[in-house]
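Presented below is the structure to which this report refers.
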Amino acid sequence: MPTRKLDASEGSVSAWLVIALAIYLVRVMPWAMSELWYDEVITLGDYVFDIRGRGLGYVFRNYPVANNHILSSAVYWLWIRFIDFNVTAEHLVRAPSMALGALTIALVMGHWRVWLGKRLAILGGLLLAISPVFTAYAYQVRGYALTMALAAAAVSGAIEVINGRLWTGQVIVAATMLLLPIVIPSNVILAPVLALFIAIVLWQAGQSWTQCLLRILPALLAGIVGFSYYFTLWDAFLAVSREPSGWPSAWMVAGNLTLALLAHAGLFAVTLVGAVVLCAGKRHARPPQPPFDPTLAPAGRDRDQVPVDAADSSNQHRQLPVPPGVAVGALTLGCVAVTAAVLLAARPGQAPYPRMFLVLLPPLTLAALLSGRVFAAIQRWPLMLAALLVVANGFVWERVSEAVTDAQLRRSATPNNLIQQYYRGADELRHLASLMAHQEWMENAIVVTDEYDFPTFRLYWQLAGGPYGTVIAINRIPDGFQVPRGGQNLWIVARNQEVAAGLYQRVTGGDADAIRQNFNRPGGLIEVAAYRRRGLFLPYMPKPPTIRKDLPPKTKNLV
């Protein structure tokens, strides 16, 4: 059996946990301090603020669109009242999601360490802390952070079950699978993944199919019961499910999921594929082995030399009852089979959004980390080197995706997938709303935006003191709308001149090409102010407004 010498310089898991959490905060805090984006504003406005005073119960009974991640919305309903509606401190608003992300990292490094070993648990915590997939969703005012935290706990419960701690494991699995569908209905897909994982591992360990079936019933039943909550909202749920949405191709979704796994797991993605190939078609029936005790090592054996499979843990009696490759194969098979089934069942041209599968990120993470025990080379590397490779992988992927996203935004695209989010780190709309308040441009103003910018700009417009109802989305122009005349100004918020000309043409009915050609001339538009990826445009006027420096800012807390 391959061995490696224990390295006292590796330090404690607690110390590495502090490092991982610090990396996590450094990664997500700039995004958490950025402006609230489209779905977050919808979540807050429609379910959390509760301006009509309907109470917390209304969150659980209001399902007009899939944006209501019910259990997460309820958490934020309570949280926003605890912070006294201080929505101008965006990082404070997003604190519950960030806390759940930190809790997930702590769970991996603390609880999963029993089966992974100290080294792989440390690398797992760092992997999540820098992951361009996990961190991109672990700060948002949405249900994804809660989903991933509950899914990680469910995986912990499943491992407890296969190690014989039935009561503890089944309670954890049942509780988490009961709650997961109430966050997002599609989270129910984790139940069959856990069931396959438990059944395959226990069967490989020598248990009968009857025993295996009994062990998986709690996960399946709890998932069904949790999902059945939507039967109490059936008409609304059915209407939402019939709305056209999603990606045009299941193959595109599959490709983005594969790319996301590579970005998330890094070097472990290679070992994951190798471990699945090695264990394919093999049945490793092996009864649970007694824990290795270094004090009983044969004479002449260095007691600092321990089996790699022993995993550096003080709780050796809780090792997996089968070789790690079997667990890797079972988890991967479950995730791939369920994902394929969902994609094949999707309506033509309406494949599910890739973020629907974030509930499978924790089991895939465990599978990737366990594959590091199948290939012992990672165990022999200095921990600092392995840690740097993990952190570098996440950093490089994020930098590349950010550069590609910037290029696509300049072409007026809005990339939104597991690797790229067009809104991540944005603060232009918040800045422009504050600028208009600062410059006293809000009076007698009508502002037109595209449908993506509308919720965010309207929120910050109102926070800056702008009058209600004067911000209009281009796809929701009121009947009988008249182009402002006389003392009113028609402001356009857009990414560039071309987009601004298109919005202006849809409002006035002119020729978009002529508007573009007459930029800064009569019949066209002028750009009054620009900030990063957005600009403020007005129909041409001989003397455009100038930005005054002498006015005190009215919304210092927004910029």
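Starting from 1 in every chain, residues are counted up; chains themselves are A, B, ... following the order of the structure tokens, and ligands are numbered from 1 as listed.
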
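By only C-alpha atoms, and with residues fewer than 2 positions from Glu402 (chain A) along its chain excluded, the set lying at most 10 Å from it is A:Val396, A:Trp397, A:Glu398, A:Arg399, A:Val400, A:Val404, A:Thr405, A:Asp406, A:Ala407, A:Gln408, A:Ile419, A:Gln420, A:Gln421, A:Tyr422, A:Arg424, A:Gly425.
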
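CA of Val338 (chain A) is positioned 15.6 Å from CA of Ile224 (chain A).
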
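The interatomic distance for the pair CA of Val277 (chain A) and CA of Ile378 (chain A) works out to 18.0 Å.
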
Find the residues of region 252-271 of chain A that sit at most 8 Å from region 127-143 of chain A; for each, write down the nearest two atoms and how far apart they are in Å, to one decimal. Count only C-alpha atoms. Sort by chain, then by number going up, and give it as a Markdown table.
| residue | atom | partner | partner_atom | distance |
| --- | --- | --- | --- | --- |
| A:Ala260 | CA | A:Val133 | CA | 6.6 |
| A:Ala263 | CA | A:Pro132 | CA | 6.8 |
| A:His264 | CA | A:Ser131 | CA | 5.1 |
| A:Ala265 | CA | A:Leu127 | CA | 7.0 |

Write out as a PyMOL selection string the set of residues from region 316-405 of chain A that DSSP, computed on the backbone, places in helix (DSSP H, G or I). chain A and resi 316-318+324-345+354-374+377-380+383-405

Tell me which protein, DNA and RNA residues are within 10 Å of Met98 (chain A), counting only C-alpha atoms, leaving out same-chain ones fewer than 3 positions away, and put them as a ChimeraX atom specification. /A:24-25,28-29,32,91-95,101-104,135,137-141,145-146

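Nearest-residue note for Gly329 (chain A): choosing from A:Ala151, A:Leu361, A:Ala275, A:Ala530, the minimum distance belongs to A:Ala275, counting only C-alpha atoms.
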
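Proximity of A:Leu343, A:Ala464, A:Leu490, A:Val171 to Arg430 (chain A), computed with only C-alpha atoms, is greatest for A:Ala464.
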
For each of A:Ile159, A:Cys212, A:Leu418, A:Ile515, take the minimum atom-to-atom distance to Val114 (chain A), counting only C-alpha atoms, then give the residue where this is smallest. A:Ile159

Tell me, as a VMD selection string, which residues lie within 6 Å of region 446-451 of chain A, counting only C-alpha atoms; anything in the same chain fewer than 4 positions away does not count. chain A and resid 470 to 474 490 to 493

Limited to N, CA, C and O atoms, could you put the picked residues into a file as a PDB file, in the first residue's frame?
ATOM      1  N   THR A 470     -41.187  57.018 -13.181  1.00  0.00           N
ATOM      2  CA  THR A 470     -40.539  57.750 -14.274  1.00  0.00           C
ATOM      3  C   THR A 470     -39.416  56.956 -14.936  1.00  0.00           C
ATOM      4  O   THR A 470     -38.774  57.460 -15.850  1.00  0.00           O
ATOM      5  N   VAL A 471     -39.185  55.732 -14.462  1.00  0.00           N
ATOM      6  CA  VAL A 471     -38.232  54.829 -15.115  1.00  0.00           C
ATOM      7  C   VAL A 471     -39.041  53.769 -15.849  1.00  0.00           C
ATOM      8  O   VAL A 471     -39.916  53.115 -15.274  1.00  0.00           O
ATOM      9  N   ILE A 472     -38.766  53.592 -17.143  1.00  0.00           N
ATOM     10  CA  ILE A 472     -39.578  52.730 -17.990  1.00  0.00           C
ATOM     11  C   ILE A 472     -38.690  51.703 -18.672  1.00  0.00           C
ATOM     12  O   ILE A 472     -37.635  52.046 -19.225  1.00  0.00           O
ATOM     13  N   ALA A 473     -39.112  50.447 -18.641  1.00  0.00           N
ATOM     14  CA  ALA A 473     -38.422  49.392 -19.382  1.00  0.00           C
ATOM     15  C   ALA A 473     -38.895  49.407 -20.826  1.00  0.00           C
ATOM     16  O   ALA A 473     -40.092  49.581 -21.098  1.00  0.00           O
ATOM     17  N   ILE A 474     -37.984  49.191 -21.757  1.00  0.00           N
ATOM     18  CA  ILE A 474     -38.321  49.308 -23.174  1.00  0.00           C
ATOM     19  C   ILE A 474     -39.350  48.258 -23.599  1.00  0.00           C
ATOM     20  O   ILE A 474     -40.108  48.460 -24.538  1.00  0.00           O
ATOM     21  N   LEU A 490     -35.929  63.239 -21.961  1.00  0.00           N
ATOM     22  CA  LEU A 490     -35.932  61.792 -22.142  1.00  0.00           C
ATOM     23  C   LEU A 490     -34.503  61.284 -22.017  1.00  0.00           C
ATOM     24  O   LEU A 490     -33.678  61.483 -22.906  1.00  0.00           O
ATOM     25  N   TRP A 491     -34.201  60.654 -20.890  1.00  0.00           N
ATOM     26  CA  TRP A 491     -32.881  60.085 -20.666  1.00  0.00           C
ATOM     27  C   TRP A 491     -32.885  58.614 -21.073  1.00  0.00           C
ATOM     28  O   TRP A 491     -33.871  57.909 -20.864  1.00  0.00           O
ATOM     29  N   ILE A 492     -31.777  58.181 -21.618  1.00  0.00           N
ATOM     30  CA  ILE A 492     -31.632  56.775 -22.004  1.00  0.00           C
ATOM     31  C   ILE A 492     -30.387  56.218 -21.324  1.00  0.00           C
ATOM     32  O   ILE A 492     -29.298  56.810 -21.402  1.00  0.00           O
ATOM     33  N   VAL A 493     -30.560  55.100 -20.634  1.00  0.00           N
ATOM     34  CA  VAL A 493     -29.444  54.393 -20.008  1.00  0.00           C
ATOM     35  C   VAL A 493     -29.134  53.178 -20.873  1.00  0.00           C
ATOM     36  O   VAL A 493     -30.010  52.335 -21.094  1.00  0.00           O
TER      37      VAL A 493
END

Polymer residues at most 10 Å from region 229-231 of chain A, only C-alpha atoms, same-chain spacing of 3 or more positions, as an MDAnalysis selection string: chainID A and resid 60:61 63 178 181:182 185 224:226 234:238

Test item: residues at most 6 Å from region 247-251 of chain A, only C-alpha atoms, excluding those fewer than 2 positions along its chain, as JSON, numbers by chain: {"A": [253, 254, 343, 349, 350, 351]}

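With only C-alpha atoms as the atoms that count, the residue of A:Ala199, A:Ala433, A:Ala20, A:Ala89 with the shortest distance to Met33 (chain A) is A:Ala89.
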
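Distance annotation: of A:Met109, A:Ile83, A:Ala149, A:Ile184, the residue with the minimal separation from Ala15 (chain A) is A:Met109; atom set is only C-alpha atoms.
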
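Atom pair CA of Asp511 (chain A) / CA of Asn496 (chain A) has a distance of 17.2 Å (rounded to one decimal).
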
Distance query Trp112 (chain A) at most 9 Å, only C-alpha atoms, self and fewer than 3 positions along chain excluded, as a PyMOL selection string: chain A and resi 107-109+115-117+121+156+159+366
